[in-house]
Amino acid sequence: MLKTKNDFDIYYAAGNTNTSRQETEIGYIIKKRNSLGWKLVSTSTAVVDMSNHFSNLYLFWEKQYE
(Lines give C-alpha, C1' and ligand atoms only; values in the text may rest on other atoms or scores of the structure.)
Protein backbone atom coordinates (compact mmCIF):
# COMPACT_ATOMS: atom_id res chain seq x y z
CA MET A 1 0.00 0.00 0.00
CA LEU A 2 1.36 3.41 -0.96
CA LYS A 3 1.68 6.10 1.67
CA THR A 4 1.98 9.81 1.01
CA LYS A 5 4.33 12.22 2.74
CA ASN A 6 3.87 16.00 2.48
CA ASP A 7 6.41 18.77 2.97
CA PHE A 8 6.94 22.41 2.04
CA ASP A 9 9.70 24.92 1.37
CA ILE A 10 9.51 28.64 2.04
CA TYR A 11 11.52 30.94 -0.20
CA TYR A 12 11.74 34.23 1.71
CA ALA A 13 11.57 37.72 0.23
CA ALA A 14 11.01 37.02 -3.44
CA GLY A 15 10.93 40.48 -4.95
CA ASN A 16 11.68 42.56 -8.00
CA THR A 17 15.45 42.77 -7.35
CA ASN A 18 17.94 40.00 -8.16
CA THR A 19 15.28 38.23 -10.25
CA SER A 20 17.82 36.11 -12.15
CA ARG A 21 19.46 34.94 -8.91
CA GLN A 22 16.08 34.11 -7.39
CA GLU A 23 15.01 32.14 -10.46
CA THR A 24 18.27 30.16 -10.30
CA GLU A 25 17.85 29.41 -6.58
CA ILE A 26 14.19 28.37 -6.97
CA GLY A 27 15.15 26.21 -9.96
CA TYR A 28 17.81 24.52 -7.83
CA ILE A 29 15.28 23.78 -5.07
CA ILE A 30 12.86 22.24 -7.58
CA LYS A 31 15.55 20.14 -9.30
CA LYS A 32 16.89 18.86 -5.99
CA ARG A 33 13.43 17.90 -4.70
CA ASN A 34 12.51 16.21 -8.00
CA SER A 35 15.72 14.17 -7.95
CA LEU A 36 14.75 12.90 -4.49
CA GLY A 37 11.33 11.75 -5.74
CA TRP A 38 9.22 14.70 -4.58
CA LYS A 39 6.41 16.06 -6.78
CA LEU A 40 5.49 19.76 -6.68
CA VAL A 41 1.75 19.86 -6.05
CA SER A 42 1.06 23.53 -5.32
CA THR A 43 2.61 26.96 -4.90
CA SER A 44 1.44 30.04 -3.06
CA THR A 45 2.72 33.53 -2.36
CA ALA A 46 2.12 35.95 0.49
CA VAL A 47 3.00 39.63 0.41
CA VAL A 48 5.13 40.47 3.45
CA ASP A 49 6.29 44.03 2.62
CA MET A 50 4.03 46.10 0.37
CA SER A 51 6.34 49.12 0.21
CA ASN A 52 9.32 47.09 -1.08
CA HIS A 53 7.25 44.55 -3.06
CA PHE A 54 8.57 41.51 -1.18
CA SER A 55 6.70 38.23 -1.02
CA ASN A 56 7.30 34.78 0.38
CA LEU A 57 6.99 31.86 -2.01
CA TYR A 58 5.64 28.59 -0.61
CA LEU A 59 6.32 25.33 -2.47
CA PHE A 60 4.18 22.36 -1.41
CA TRP A 61 5.51 18.87 -2.11
CA GLU A 62 4.23 15.30 -2.09
CA LYS A 63 6.14 12.02 -2.11
CA GLN A 64 4.68 8.53 -2.28
CA TYR A 65 6.40 5.53 -0.73
CA GLU A 66 5.60 2.05 0.48
# chains A, B, ... in the order shown; residues from 1 in each chain; ligands from 1
>>> select_by_dssp(residues="chain A", states="helix (DSSP H, G or I)", output="list in words")
Thr19, Ser20, Arg21, Gln22, Glu23, Thr24, Glu25, Ile26, Gly27, Tyr28, Ile29, Ile30, Lys31, Lys32, Arg33, Asn34 and Ser35 of chain A
>>> residues_around(residues="Ser55 (chain A)", least_positions_apart="5", cutoff="6 Å", atoms="only C-alpha atoms", output="VMD selection string")
chain A and resid 13 to 14 46 to 48
>>> residues_around(residues="region 26-37 of chain A", least_positions_apart="3", cutoff="9 Å", atoms="only C-alpha atoms", output="NGL selection string")
:A and (9 or 11 or 21-23 or 40 or 59 or 61-64)
>>> atom_distance(atom1="CA of Ser44 (chain A)", atom2="CA of Phe8 (chain A)")
10.7 Å
>>> closest_residue(among="A:Tyr58, A:Glu25, A:Trp38, A:Tyr65", to="Lys3 (chain A)", atoms="only C-alpha atoms")
A:Tyr65
>>> select_by_dssp(residues="chain A", states="strand (DSSP E)", output="PyMOL selection string")
chain A and resi 3-14+39-49+54-65
>>> closest_residue(among="A:Phe60, A:Asn6, A:Met1, A:Glu66", to="Val41 (chain A)", atoms="only C-alpha atoms")
A:Phe60
>>> atom_distance(atom1="CA of Leu2 (chain A)", atom2="CA of Thr43 (chain A)")
23.9 Å
>>> decode(residues="region 42-61 of chain A", atoms="N, CA and C atoms", output="tab-separated table (two decimals), in the first residue's frame")
chain	number	residue	atom	x	y	z
A	42	SER	N	1.71	22.23	-5.42
A	42	SER	CA	1.06	23.53	-5.32
A	42	SER	C	2.09	24.59	-4.95
A	43	THR	N	1.81	25.82	-5.33
A	43	THR	CA	2.61	26.96	-4.90
A	43	THR	C	1.68	28.05	-4.40
A	44	SER	N	2.21	28.92	-3.57
A	44	SER	CA	1.44	30.04	-3.06
A	44	SER	C	2.40	31.17	-2.72
A	45	THR	N	1.92	32.39	-2.77
A	45	THR	CA	2.72	33.53	-2.36
A	45	THR	C	1.96	34.35	-1.33
A	46	ALA	N	2.71	35.04	-0.50
A	46	ALA	CA	2.12	35.95	0.49
A	46	ALA	C	2.96	37.22	0.51
A	47	VAL	N	2.31	38.35	0.36
A	47	VAL	CA	3.00	39.63	0.41
A	47	VAL	C	3.38	39.92	1.86
A	48	VAL	N	4.67	40.20	2.09
A	48	VAL	CA	5.13	40.47	3.45
A	48	VAL	C	5.59	41.92	3.64
A	49	ASP	N	5.86	42.63	2.53
A	49	ASP	CA	6.29	44.03	2.62
A	49	ASP	C	5.79	44.76	1.38
A	50	MET	N	4.66	45.43	1.51
A	50	MET	CA	4.03	46.10	0.37
A	50	MET	C	4.90	47.23	-0.19
A	51	SER	N	5.58	47.97	0.68
A	51	SER	CA	6.34	49.12	0.21
A	51	SER	C	7.56	48.71	-0.62
A	52	ASN	N	8.15	47.56	-0.33
A	52	ASN	CA	9.32	47.09	-1.08
A	52	ASN	C	8.99	45.95	-2.04
A	53	HIS	N	7.72	45.58	-2.14
A	53	HIS	CA	7.25	44.55	-3.06
A	53	HIS	C	7.91	43.19	-2.80
A	54	PHE	N	8.01	42.81	-1.53
A	54	PHE	CA	8.57	41.51	-1.18
A	54	PHE	C	7.47	40.52	-0.84
A	55	SER	N	7.66	39.31	-1.29
A	55	SER	CA	6.70	38.23	-1.02
A	55	SER	C	7.46	36.99	-0.58
A	56	ASN	N	6.77	36.11	0.09
A	56	ASN	CA	7.30	34.78	0.38
A	56	ASN	C	6.67	33.82	-0.62
A	57	LEU	N	7.47	32.89	-1.10
A	57	LEU	CA	6.99	31.86	-2.01
A	57	LEU	C	6.96	30.54	-1.26
A	58	TYR	N	5.82	29.88	-1.28
A	58	TYR	CA	5.64	28.59	-0.61
A	58	TYR	C	5.52	27.50	-1.67
A	59	LEU	N	6.34	26.46	-1.55
A	59	LEU	CA	6.32	25.33	-2.47
A	59	LEU	C	5.85	24.10	-1.69
A	60	PHE	N	4.75	23.52	-2.11
A	60	PHE	CA	4.18	22.36	-1.41
A	60	PHE	C	4.48	21.10	-2.20
A	61	TRP	N	5.01	20.08	-1.49
A	61	TRP	CA	5.51	18.87	-2.11
A	61	TRP	C	4.78	17.63	-1.60
